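Engineer: The file below is input_12.pdb, PDB, C-alpha atoms:
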```
ATOM      1  CA  MET M   1      19.976 -34.713  14.751
ATOM      2  CA  LYS M   2      19.385 -36.225  11.320
ATOM      3  CA  THR M   3      21.684 -35.669   8.416
ATOM      4  CA  PRO M   4      21.063 -32.207   6.912
ATOM      5  CA  SER M   5      20.236 -31.774   3.261
ATOM      6  CA  VAL M   6      22.604 -30.265   0.729
ATOM      7  CA  TRP M   7      20.513 -27.086   0.747
ATOM      8  CA  GLN M   8      20.704 -26.801   4.542
ATOM      9  CA  VAL M   9      24.476 -27.180   4.559
ATOM     10  CA  GLY M  10      24.752 -24.761   1.633
ATOM     11  CA  SER M  11      22.591 -22.158   3.388
ATOM     12  CA  ILE M  12      24.722 -22.307   6.540
ATOM     13  CA  LEU M  13      27.876 -21.925   4.457
ATOM     14  CA  ILE M  14      26.441 -18.880   2.666
ATOM     15  CA  ILE M  15      25.645 -17.254   6.012
ATOM     16  CA  GLY M  16      29.149 -18.064   7.222
ATOM     17  CA  VAL M  17      30.804 -16.624   4.124
ATOM     18  CA  LEU M  18      28.804 -13.396   4.328
ATOM     19  CA  ALA M  19      29.693 -13.019   8.013
ATOM     20  CA  ILE M  20      33.376 -13.733   7.547
ATOM     21  CA  ALA M  21      33.659 -11.524   4.455
ATOM     22  CA  MET M  22      33.257  -8.514   6.762
ATOM     23  CA  THR M  23      36.234  -9.525   8.912
ATOM     24  CA  ALA M  24      38.878  -7.684   6.895
ATOM     25  CA  ILE M  25      36.614  -4.614   6.840
ATOM     26  CA  PHE M  26      36.259  -4.582  10.630
ATOM     27  CA  ILE M  27      40.024  -5.009  11.003
ATOM     28  CA  ARG M  28      40.796  -2.172   8.606
ATOM     29  CA  LEU M  29      38.213   0.092  10.287
ATOM     30  CA  ALA M  30      39.755  -0.640  13.684
ATOM     31  CA  THR M  31      43.320   0.048  12.535
ATOM     32  CA  ASP M  32      42.294   3.223  10.710
ATOM     33  CA  THR M  33      40.333   4.468  13.730
ATOM     34  CA  ALA M  34      43.178   3.760  16.173
ATOM     35  CA  ARG M  35      45.750   4.958  13.633
ATOM     36  CA  ILE M  36      47.962   2.073  14.692
ATOM     37  CA  LYS M  37      49.360  -0.688  12.486
ATOM     38  CA  GLY M  38      51.721  -3.549  13.109
ATOM     39  CA  VAL M  39      52.064  -6.812  14.957
ATOM     40  CA  GLY M  40      51.137  -5.612  18.454
ATOM     41  CA  PHE M  41      47.819  -4.018  17.521
ATOM     42  CA  SER M  42      46.962  -6.937  15.233
ATOM     43  CA  LEU M  43      47.501  -9.325  18.138
ATOM     44  CA  PHE M  44      45.252  -7.131  20.280
ATOM     45  CA  LEU M  45      42.480  -7.440  17.677
ATOM     46  CA  ALA M  46      42.950 -11.191  17.341
ATOM     47  CA  ALA M  47      43.007 -11.807  21.083
ATOM     48  CA  SER M  48      40.097  -9.488  21.846
ATOM     49  CA  ARG M  49      37.681 -11.062  19.342
ATOM     50  CA  LEU M  50      38.411 -14.522  20.745
ATOM     51  CA  ILE M  51      38.222 -13.406  24.373
ATOM     52  CA  ILE M  52      34.764 -11.920  23.760
ATOM     53  CA  ALA M  53      33.633 -15.065  21.932
ATOM     54  CA  ALA M  54      34.960 -17.276  24.743
ATOM     55  CA  VAL M  55      33.174 -15.206  27.393
ATOM     56  CA  ILE M  56      29.887 -15.449  25.494
ATOM     57  CA  LEU M  57      30.333 -19.235  25.377
ATOM     58  CA  LEU M  58      31.061 -19.562  29.127
ATOM     59  CA  PRO M  59      27.593 -21.005  29.970
ATOM     60  CA  THR M  60      28.323 -23.920  27.639
ATOM     61  CA  TRP M  61      31.053 -25.185  29.966
ATOM     62  CA  LYS M  62      28.376 -26.431  32.383
ATOM     63  CA  SER M  63      26.986 -28.901  29.858
ATOM     64  CA  LEU M  64      30.473 -29.785  28.604
ATOM     65  CA  LYS M  65      30.985 -31.964  31.691
ATOM     66  CA  GLN M  66      28.069 -34.126  30.563
ATOM     67  CA  GLN M  67      29.802 -35.023  27.299
ATOM     68  CA  LYS M  68      31.016 -38.604  27.385
ATOM     69  CA  VAL M  69      33.705 -38.514  24.750
ATOM     70  CA  PRO M  70      37.284 -39.801  24.526
ATOM     71  CA  ARG M  71      39.906 -37.584  26.083
ATOM     72  CA  ASN M  72      41.663 -37.122  22.765
ATOM     73  CA  ALA M  73      38.587 -35.231  21.490
ATOM     74  CA  TYR M  74      39.580 -32.449  23.880
ATOM     75  CA  TYR M  75      43.199 -32.706  22.783
ATOM     76  CA  TYR M  76      42.130 -32.181  19.182
ATOM     77  CA  SER M  77      40.009 -29.199  20.235
ATOM     78  CA  ILE M  78      42.836 -27.580  22.188
ATOM     79  CA  ALA M  79      45.244 -28.145  19.291
ATOM     80  CA  ALA M  80      42.694 -26.602  16.923
ATOM     81  CA  GLY M  81      42.476 -23.572  19.203
ATOM     82  CA  PHE M  82      46.256 -23.225  19.161
ATOM     83  CA  THR M  83      46.335 -23.261  15.348
ATOM     84  CA  LEU M  84      43.422 -20.807  15.231
ATOM     85  CA  ALA M  85      45.422 -18.413  17.397
ATOM     86  CA  LEU M  86      48.416 -18.666  15.061
ATOM     87  CA  HIS M  87      46.169 -18.198  12.035
ATOM     88  CA  PHE M  88      44.718 -14.966  13.378
ATOM     89  CA  ALA M  89      48.112 -13.706  14.523
ATOM     90  CA  THR M  90      49.539 -14.050  11.010
ATOM     91  CA  TRP M  91      46.540 -13.155   8.869
ATOM     92  CA  ILE M  92      45.299 -10.125  10.837
ATOM     93  CA  THR M  93      48.842  -8.777  10.875
ATOM     94  CA  SER M  94      49.011  -9.162   7.081
ATOM     95  CA  LEU M  95      46.249  -6.559   6.705
ATOM     96  CA  SER M  96      48.593  -3.934   8.145
ATOM     97  CA  TYR M  97      50.967  -4.416   5.227
ATOM     98  CA  THR M  98      48.928  -5.338   2.149
ATOM     99  CA  SER M  99      45.511  -4.774   0.605
ATOM    100  CA  ILE M 100      42.232  -6.390   1.579
ATOM    101  CA  ALA M 101      41.908  -8.190  -1.756
ATOM    102  CA  ALA M 102      45.433  -9.618  -1.777
ATOM    103  CA  SER M 103      45.302 -10.713   1.862
ATOM    104  CA  THR M 104      41.896 -12.393   1.693
ATOM    105  CA  VAL M 105      42.697 -14.156  -1.571
ATOM    106  CA  LEU M 106      45.972 -15.590  -0.302
ATOM    107  CA  VAL M 107      44.522 -16.679   3.035
ATOM    108  CA  THR M 108      41.835 -18.643   1.194
ATOM    109  CA  THR M 109      44.334 -20.820  -0.675
ATOM    110  CA  ASN M 110      43.895 -23.372   2.125
ATOM    111  CA  PRO M 111      42.086 -25.914  -0.134
ATOM    112  CA  ILE M 112      45.512 -26.709  -1.584
ATOM    113  CA  TRP M 113      47.007 -27.298   1.853
ATOM    114  CA  ILE M 114      43.977 -29.197   3.153
ATOM    115  CA  SER M 115      44.127 -31.523   0.164
ATOM    116  CA  ILE M 116      47.792 -32.251   0.833
ATOM    117  CA  LEU M 117      47.282 -32.714   4.582
ATOM    118  CA  SER M 118      44.198 -34.912   4.114
ATOM    119  CA  TRP M 119      46.113 -37.077   1.675
ATOM    120  CA  ILE M 120      49.215 -37.350   3.868
ATOM    121  CA  GLY M 121      47.666 -37.487   7.327
ATOM    122  CA  PHE M 122      44.246 -39.062   6.813
ATOM    123  CA  LYS M 123      44.799 -41.109   3.629
ATOM    124  CA  GLU M 124      41.809 -39.417   1.997
ATOM    125  CA  THR M 125      41.344 -39.396  -1.749
ATOM    126  CA  ILE M 126      39.761 -36.779  -3.952
ATOM    127  CA  THR M 127      38.575 -37.079  -7.538
ATOM    128  CA  LYS M 128      40.505 -35.758 -10.492
ATOM    129  CA  THR M 129      37.635 -33.390 -11.191
ATOM    130  CA  THR M 130      37.909 -31.888  -7.699
ATOM    131  CA  ILE M 131      41.668 -31.516  -8.111
ATOM    132  CA  PHE M 132      41.081 -29.799 -11.454
ATOM    133  CA  GLY M 133      38.556 -27.460  -9.809
ATOM    134  CA  ILE M 134      40.980 -26.625  -7.024
ATOM    135  CA  LEU M 135      43.676 -25.760  -9.546
ATOM    136  CA  ILE M 136      41.303 -23.507 -11.484
ATOM    137  CA  ALA M 137      40.173 -21.802  -8.268
ATOM    138  CA  PHE M 138      43.785 -21.317  -7.242
ATOM    139  CA  LEU M 139      44.579 -19.804 -10.646
ATOM    140  CA  GLY M 140      41.730 -17.348 -10.140
ATOM    141  CA  GLY M 141      43.122 -16.462  -6.738
ATOM    142  CA  VAL M 142      46.557 -15.822  -8.224
ATOM    143  CA  LEU M 143      45.058 -13.495 -10.823
ATOM    144  CA  VAL M 144      43.250 -11.566  -8.093
ATOM    145  CA  ALA M 145      46.474 -11.243  -6.098
ATOM    146  CA  PHE M 146      48.547 -10.026  -9.057
ATOM    147  CA  GLY M 147      45.748  -7.808 -10.295
ATOM    148  CA  ASP M 148      45.797  -6.045  -6.940
ATOM    149  CA  ASN M 149      49.308  -4.638  -7.418
ATOM    150  CA  ALA M 150      48.043  -1.071  -7.796
ATOM    151  CA  ALA M 151      46.293  -1.170  -4.437
ATOM    152  CA  SER M 152      49.025  -3.059  -2.606
ATOM    153  CA  SER M 153      51.643  -0.525  -3.744
ATOM    154  CA  ASN M 154      50.051   1.913  -1.316
ATOM    155  CA  TYR M 155      51.058  -0.261   1.650
ATOM    156  CA  SER M 156      54.327  -0.343   3.536
ATOM    157  CA  ASN M 157      55.367  -3.945   2.877
ATOM    158  CA  PRO M 158      52.998  -5.876   0.571
ATOM    159  CA  LEU M 159      55.476  -8.746   0.186
ATOM    160  CA  LEU M 160      55.532  -9.317   3.948
ATOM    161  CA  GLY M 161      51.750  -8.957   4.156
ATOM    162  CA  ASN M 162      51.198 -11.466   1.360
ATOM    163  CA  PHE M 163      53.635 -13.901   2.969
ATOM    164  CA  LEU M 164      51.842 -13.654   6.327
ATOM    165  CA  ALA M 165      48.485 -14.239   4.630
ATOM    166  CA  LEU M 166      49.866 -17.347   2.931
ATOM    167  CA  ILE M 167      51.220 -18.664   6.239
ATOM    168  CA  GLY M 168      47.796 -18.001   7.736
ATOM    169  CA  ALA M 169      46.241 -20.140   4.995
ATOM    170  CA  MET M 170      48.550 -23.046   5.757
ATOM    171  CA  ILE M 171      47.883 -22.852   9.487
ATOM    172  CA  VAL M 172      44.088 -22.624   9.168
ATOM    173  CA  SER M 173      44.172 -25.877   7.201
ATOM    174  CA  PHE M 174      45.342 -27.639  10.364
ATOM    175  CA  TYR M 175      42.554 -25.869  12.253
ATOM    176  CA  PHE M 176      39.847 -27.282   9.982
ATOM    177  CA  LEU M 177      41.238 -30.817  10.037
ATOM    178  CA  LEU M 178      41.762 -30.869  13.805
ATOM    179  CA  GLY M 179      38.259 -29.480  14.342
ATOM    180  CA  ARG M 180      36.743 -32.172  12.186
ATOM    181  CA  GLU M 181      38.548 -34.897  14.135
ATOM    182  CA  ALA M 182      37.430 -33.421  17.484
ATOM    183  CA  GLN M 183      33.806 -33.577  16.353
ATOM    184  CA  ARG M 184      34.224 -37.048  14.892
ATOM    185  CA  LYS M 185      35.409 -38.185  18.323
ATOM    186  CA  GLY M 186      32.016 -37.187  19.740
ATOM    187  CA  LEU M 187      32.139 -33.500  20.671
ATOM    188  CA  SER M 188      29.162 -31.470  19.503
ATOM    189  CA  THR M 189      29.866 -28.343  17.483
ATOM    190  CA  LYS M 190      28.953 -26.000  20.341
ATOM    191  CA  HIS M 191      31.197 -27.847  22.791
ATOM    192  CA  TYR M 192      34.028 -28.051  20.312
ATOM    193  CA  ILE M 193      34.012 -24.301  19.614
ATOM    194  CA  THR M 194      33.802 -23.597  23.347
ATOM    195  CA  VAL M 195      37.067 -25.453  23.940
ATOM    196  CA  ALA M 196      38.802 -24.302  20.742
ATOM    197  CA  TYR M 197      37.902 -20.613  20.987
ATOM    198  CA  SER M 198      38.814 -20.537  24.686
ATOM    199  CA  ALA M 199      42.173 -22.203  24.016
ATOM    200  CA  ALA M 200      42.897 -19.704  21.242
ATOM    201  CA  ALA M 201      41.972 -16.797  23.529
ATOM    202  CA  ILE M 202      44.313 -18.075  26.256
ATOM    203  CA  VAL M 203      47.192 -18.440  23.785
ATOM    204  CA  LEU M 204      46.712 -14.962  22.322
ATOM    205  CA  PHE M 205      45.948 -12.997  25.489
ATOM    206  CA  PRO M 206      49.556 -12.345  26.650
ATOM    207  CA  LEU M 207      51.058 -11.815  23.181
ATOM    208  CA  PRO M 208      50.138  -8.106  22.704
ATOM    209  CA  PHE M 209      52.038  -7.252  25.890
ATOM    210  CA  LEU M 210      55.199  -8.713  24.362
ATOM    211  CA  PHE M 211      55.011  -5.977  21.714
ATOM    212  CA  GLY M 212      54.190  -3.197  24.169
ATOM    213  CA  THR M 213      50.511  -3.086  23.188
ATOM    214  CA  ARG M 214      47.750  -2.504  25.727
ATOM    215  CA  TYR M 215      44.096  -3.564  25.805
ATOM    216  CA  THR M 216      42.748  -0.209  26.979
ATOM    217  CA  GLY M 217      42.805   3.411  25.877
ATOM    218  CA  TYR M 218      41.532   3.096  22.309
ATOM    219  CA  PRO M 219      38.581   5.009  20.816
ATOM    220  CA  ASN M 220      35.187   3.465  21.525
ATOM    221  CA  GLU M 221      34.736   2.672  17.840
ATOM    222  CA  VAL M 222      37.680   0.250  18.005
ATOM    223  CA  TYR M 223      35.942  -1.817  20.684
ATOM    224  CA  LEU M 224      32.753  -1.767  18.627
ATOM    225  CA  TYR M 225      34.577  -3.241  15.628
ATOM    226  CA  VAL M 226      36.198  -5.865  17.862
ATOM    227  CA  PHE M 227      32.775  -6.805  19.247
ATOM    228  CA  LEU M 228      31.344  -7.070  15.731
ATOM    229  CA  MET M 229      34.238  -9.351  14.792
ATOM    230  CA  ALA M 230      33.509 -11.563  17.777
ATOM    231  CA  ILE M 231      29.811 -11.863  16.901
ATOM    232  CA  PHE M 232      29.793 -11.970  13.109
ATOM    233  CA  SER M 233      33.256 -13.191  12.144
ATOM    234  CA  GLN M 234      33.792 -15.637  15.001
ATOM    235  CA  LEU M 235      30.511 -16.871  16.484
ATOM    236  CA  ILE M 236      28.558 -16.798  13.214
ATOM    237  CA  GLY M 237      31.218 -17.133  10.512
ATOM    238  CA  HIS M 238      33.708 -19.590  11.978
ATOM    239  CA  THR M 239      31.043 -21.568  13.815
ATOM    240  CA  SER M 240      29.108 -22.033  10.567
ATOM    241  CA  PHE M 241      32.201 -23.547   8.979
ATOM    242  CA  ASN M 242      32.896 -25.717  12.022
ATOM    243  CA  TRP M 243      29.348 -27.068  11.873
ATOM    244  CA  ALA M 244      29.501 -27.688   8.112
ATOM    245  CA  ILE M 245      32.842 -29.460   8.318
ATOM    246  CA  ARG M 246      31.195 -32.249  10.305
ATOM    247  CA  TRP M 247      28.914 -33.025   7.378
ATOM    248  CA  ILE M 248      31.025 -32.378   4.312
ATOM    249  CA  SER M 249      34.648 -32.600   3.271
ATOM    250  CA  PRO M 250      36.964 -29.924   4.699
ATOM    251  CA  ILE M 251      38.038 -29.296   1.115
ATOM    252  CA  LEU M 252      34.489 -28.272   0.189
ATOM    253  CA  VAL M 253      34.229 -26.027   3.237
ATOM    254  CA  SER M 254      37.506 -24.343   2.377
ATOM    255  CA  LEU M 255      36.379 -23.973  -1.230
ATOM    256  CA  ALA M 256      33.215 -22.228  -0.036
ATOM    257  CA  ILE M 257      35.434 -19.835   1.902
ATOM    258  CA  LEU M 258      36.997 -18.867  -1.425
ATOM    259  CA  PHE M 259      33.953 -16.632  -1.844
ATOM    260  CA  GLU M 260      35.319 -14.513   1.019
ATOM    261  CA  PRO M 261      37.761 -12.426  -1.067
ATOM    262  CA  ILE M 262      34.977 -11.588  -3.499
ATOM    263  CA  GLY M 263      32.756 -10.311  -0.704
ATOM    264  CA  ALA M 264      35.626  -8.620   1.125
ATOM    265  CA  SER M 265      36.776  -6.850  -2.050
ATOM    266  CA  PHE M 266      33.214  -5.688  -2.712
ATOM    267  CA  PHE M 267      32.843  -4.293   0.807
ATOM    268  CA  GLY M 268      36.320  -2.796   0.515
ATOM    269  CA  TYR M 269      35.178  -0.908  -2.583
ATOM    270  CA  LEU M 270      32.021   0.371  -0.860
ATOM    271  CA  ILE M 271      33.735   1.478   2.345
ATOM    272  CA  PHE M 272      37.327   2.317   1.401
ATOM    273  CA  GLY M 273      37.027   2.961  -2.315
ATOM    274  CA  GLU M 274      39.437   0.134  -3.210
ATOM    275  CA  ILE M 275      38.454  -0.457  -6.848
ATOM    276  CA  PRO M 276      39.278  -3.941  -8.185
ATOM    277  CA  SER M 277      40.999  -3.987 -11.565
ATOM    278  CA  ASN M 278      39.744  -5.936 -14.567
ATOM    279  CA  ILE M 279      42.256  -8.682 -13.735
ATOM    280  CA  VAL M 280      40.799  -8.946 -10.236
ATOM    281  CA  LEU M 281      37.301  -9.280 -11.666
ATOM    282  CA  LEU M 282      38.457 -11.920 -14.142
ATOM    283  CA  GLY M 283      40.268 -13.772 -11.381
ATOM    284  CA  GLY M 284      37.140 -13.722  -9.243
ATOM    285  CA  PHE M 285      35.085 -15.268 -12.042
ATOM    286  CA  ILE M 286      37.683 -18.010 -12.610
ATOM    287  CA  LEU M 287      37.839 -18.645  -8.867
ATOM    288  CA  LEU M 288      34.082 -19.183  -8.601
ATOM    289  CA  PHE M 289      34.118 -21.377 -11.692
ATOM    290  CA  GLY M 290      36.778 -23.560 -10.076
ATOM    291  CA  VAL M 291      34.714 -23.840  -6.900
ATOM    292  CA  ALA M 292      31.716 -25.067  -8.917
ATOM    293  CA  ILE M 293      33.799 -27.717 -10.702
ATOM    294  CA  ALA M 294      35.310 -28.945  -7.432
ATOM    295  CA  VAL M 295      31.899 -29.253  -5.772
ATOM    296  CA  ILE M 296      30.489 -31.187  -8.742
ATOM    297  CA  GLY M 297      33.473 -33.525  -8.713
ATOM    298  CA  THR M 298      33.293 -34.416  -5.028
ATOM    299  CA  ARG M 299      32.039 -37.888  -4.170
ATOM    300  CA  ASN M 300      29.378 -38.146  -1.452
ATOM    301  CA  PRO M 301      29.773 -34.595  -0.110
ATOM    302  CA  ILE M 302      27.233 -35.139   2.688
ATOM    303  CA  ALA M 303      28.326 -37.404   5.505
ATOM    304  CA  SER M 304      26.101 -39.990   7.132
ATOM    305  CA  GLU M 305      27.152 -39.568  10.751
ATOM    306  CA  PRO M 306      24.607 -37.493  12.760
ATOM    307  CA  ASP M 307      25.785 -34.465  14.647
ATOM    308  CA  LYS M 308      25.457 -34.351  18.411
ATOM    309  CA  ILE M 309      23.969 -31.036  19.472
TER
END
```
Starting from the coordinates I provided, produce the structure as structure tokens.
Structural biologist:
Amino acid sequence: MKTPSVWQVGSILIIGVLAIAMTAIFIRLATDTARIKGVGFSLFLAASRLIIAAVILLPTWKSLKQQKVPRNAYYYSIAAGFTLALHFATWITSLSYTSIAASTVLVTTNPIWISILSWIGFKETITKTTIFGILIAFLGGVLVAFGDNAASSNYSNPLLGNFLALIGAMIVSFYFLLGREAQRKGLSTKHYITVAYSAAAIVLFPLPFLFGTRYTGYPNEVYLYVFLMAIFSQLIGHTSFNWAIRWISPILVSLAILFEPIGASFFGYLIFGEIPSNIVLLGGFILLFGVAIAVIGTRNPIASEPDKI
């Protein structure tokens, strides 16, 4: 497959952002329908979406045997799946304690962590303009988080929820970097996600039982929201990012994901009546402005290595 154009990569990222922006909505709908909040039910949601995604990808295992790639490509994929499981365990749980806007903003601070990890672990450099854009975007995210105090005061433990969302952001940074390395070693995107999503599902499957949570007995609507998460949030949203990360810097992919809190907050207003304050709106504008600066400042955003599909 030849190198995609900037517009092709951008279009895939837009689709991914729109799909993933609904994740927090599906989670909140599921928890409200089941009338259950907390770690156990959050782990059930995280595990279930990945189990469904892994089952849908089962036919891909047949062609996986034909992939002639180094063994460490699979190690990277399995490690990525492990970090994905931890990311979902922390972030989904955060939505039981804080607002949609605060949680999604904090979980999308991963450009900061990816920049640090890329610099430390992969000796990658970024331009001063990109760093400046990241800082502006982060400032916008902070404004959104603080501007959401009125909404978060309605939740049981917003401090804990915000902390879990921030931990989720740090962990997902490892997920993006490990996924990029797995694909650089020769795995195609579809084979990489097959291994990573399956590994994450295996890690998460037993965890709800540790908190006394079952997989059965919930209203049918809960399973519908879980299925929608598996299709839109996981197979469309996350896979779009995993494909894009092969062609462009993980920092740019994570910056694109910064659009998620804007979309999630908008959907939250439509469905739950969570009205963003003026500070939230200002923070959203600053955030998008920072994203634009960072993208402009990135050197050679499109890679030259062809994908293997």
Engineer: So how far away is CA of Leu235 in chain M from CA of Gln8 in chain M, in Å?
Structural biologist: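 Value for the CA of Gln8 in chain M-CA of Leu235 in chain M distance: 18.4 Å.
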Engineer: Pull out every residue that the PyMOL selection byres ((chain M and resi 199) around 12) matches in the shown coordinates and put them as a count of residues only.
Structural biologist: 32
Engineer: Pick out the closest residue to Leu58 in chain M from this set: M:Lys190, M:Leu160, M:Gly284, M:Ile275. Count all atoms listed in the file.
Structural biologist: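 Closest to Leu58 in chain M, using all atoms listed in the file: M:Lys190.
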Engineer: Would you mind telling me which residue in M:Leu159, M:Ala101, M:Ile136, M:Ile251 lies nearest to Leu281 in chain M when using all atoms listed in the file?
Structural biologist: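 So, comparing all the options, the nearest one is M:Ala101.
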Engineer: Rank nothing, just name the residue among M:Asn242, M:Ser11, M:Ser249, M:Ser42 nearest to Tyr175 in chain M, using all atoms listed in the file.
Structural biologist: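 Among the listed residues, M:Asn242 lies closest to Tyr175 in chain M.
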Engineer: Step by step, work through what the PyMOL selection byres ((chain M and resi 221) around 9) selects in the shown file, and finish by giving those residues as a PyMOL selection string.
Structural biologist: chain M and resi 29-30+33-34+218-220+222-226
Engineer: Quote the spacing between CA of Leu18 in chain M and CA of Gly186 in chain M in Å to one decimal place.
Structural biologist: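 According to the coordinates, CA of Leu18 in chain M and CA of Gly186 in chain M are separated by 28.5 Å.
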Engineer: Would you please work out which residue, of M:Ile56, M:Met229, M:Leu177, M:Val291, is nearest to Ile25 in chain M when using all atoms listed in the file?
Structural biologist: M:Met229
Engineer: Restricting the calculation to all atoms listed in the file, which member of M:Pro158, M:Pro206, M:Gly290, M:Gly16 is positioned closest to His238 in chain M?
Structural biologist: M:Gly16
Engineer: For the PyMOL selection byres ((chain M and resi 170) around 12), applied here, can you spell out every residue it catches as a PyMOL selection string?
Structural biologist: chain M and resi 83-84+86-88+90-91+106-117+163-169+171-177+254
Engineer: Would you kindly identify which residues have an atom no farther than 12 Å from (45.6, -15.3, -7.1), using all atoms listed in the file and the file's own coordinates, and write them out as a ChimeraX atom specification?
Structural biologist: /M:101-109,135-149,162,166,258,261-262,279-287
Engineer: Go through M:Leu187, M:Ala46, M:Leu270, M:Ala24 one by one, measure the shortest atom-to-atom distance of each to Lys65 in chain M using all atoms listed in the file, and give the residue with the smallest value.
Structural biologist: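 Of M:Leu187, M:Ala46, M:Leu270, M:Ala24, the one nearest Lys65 in chain M, counting all atoms listed in the file, is M:Leu187.
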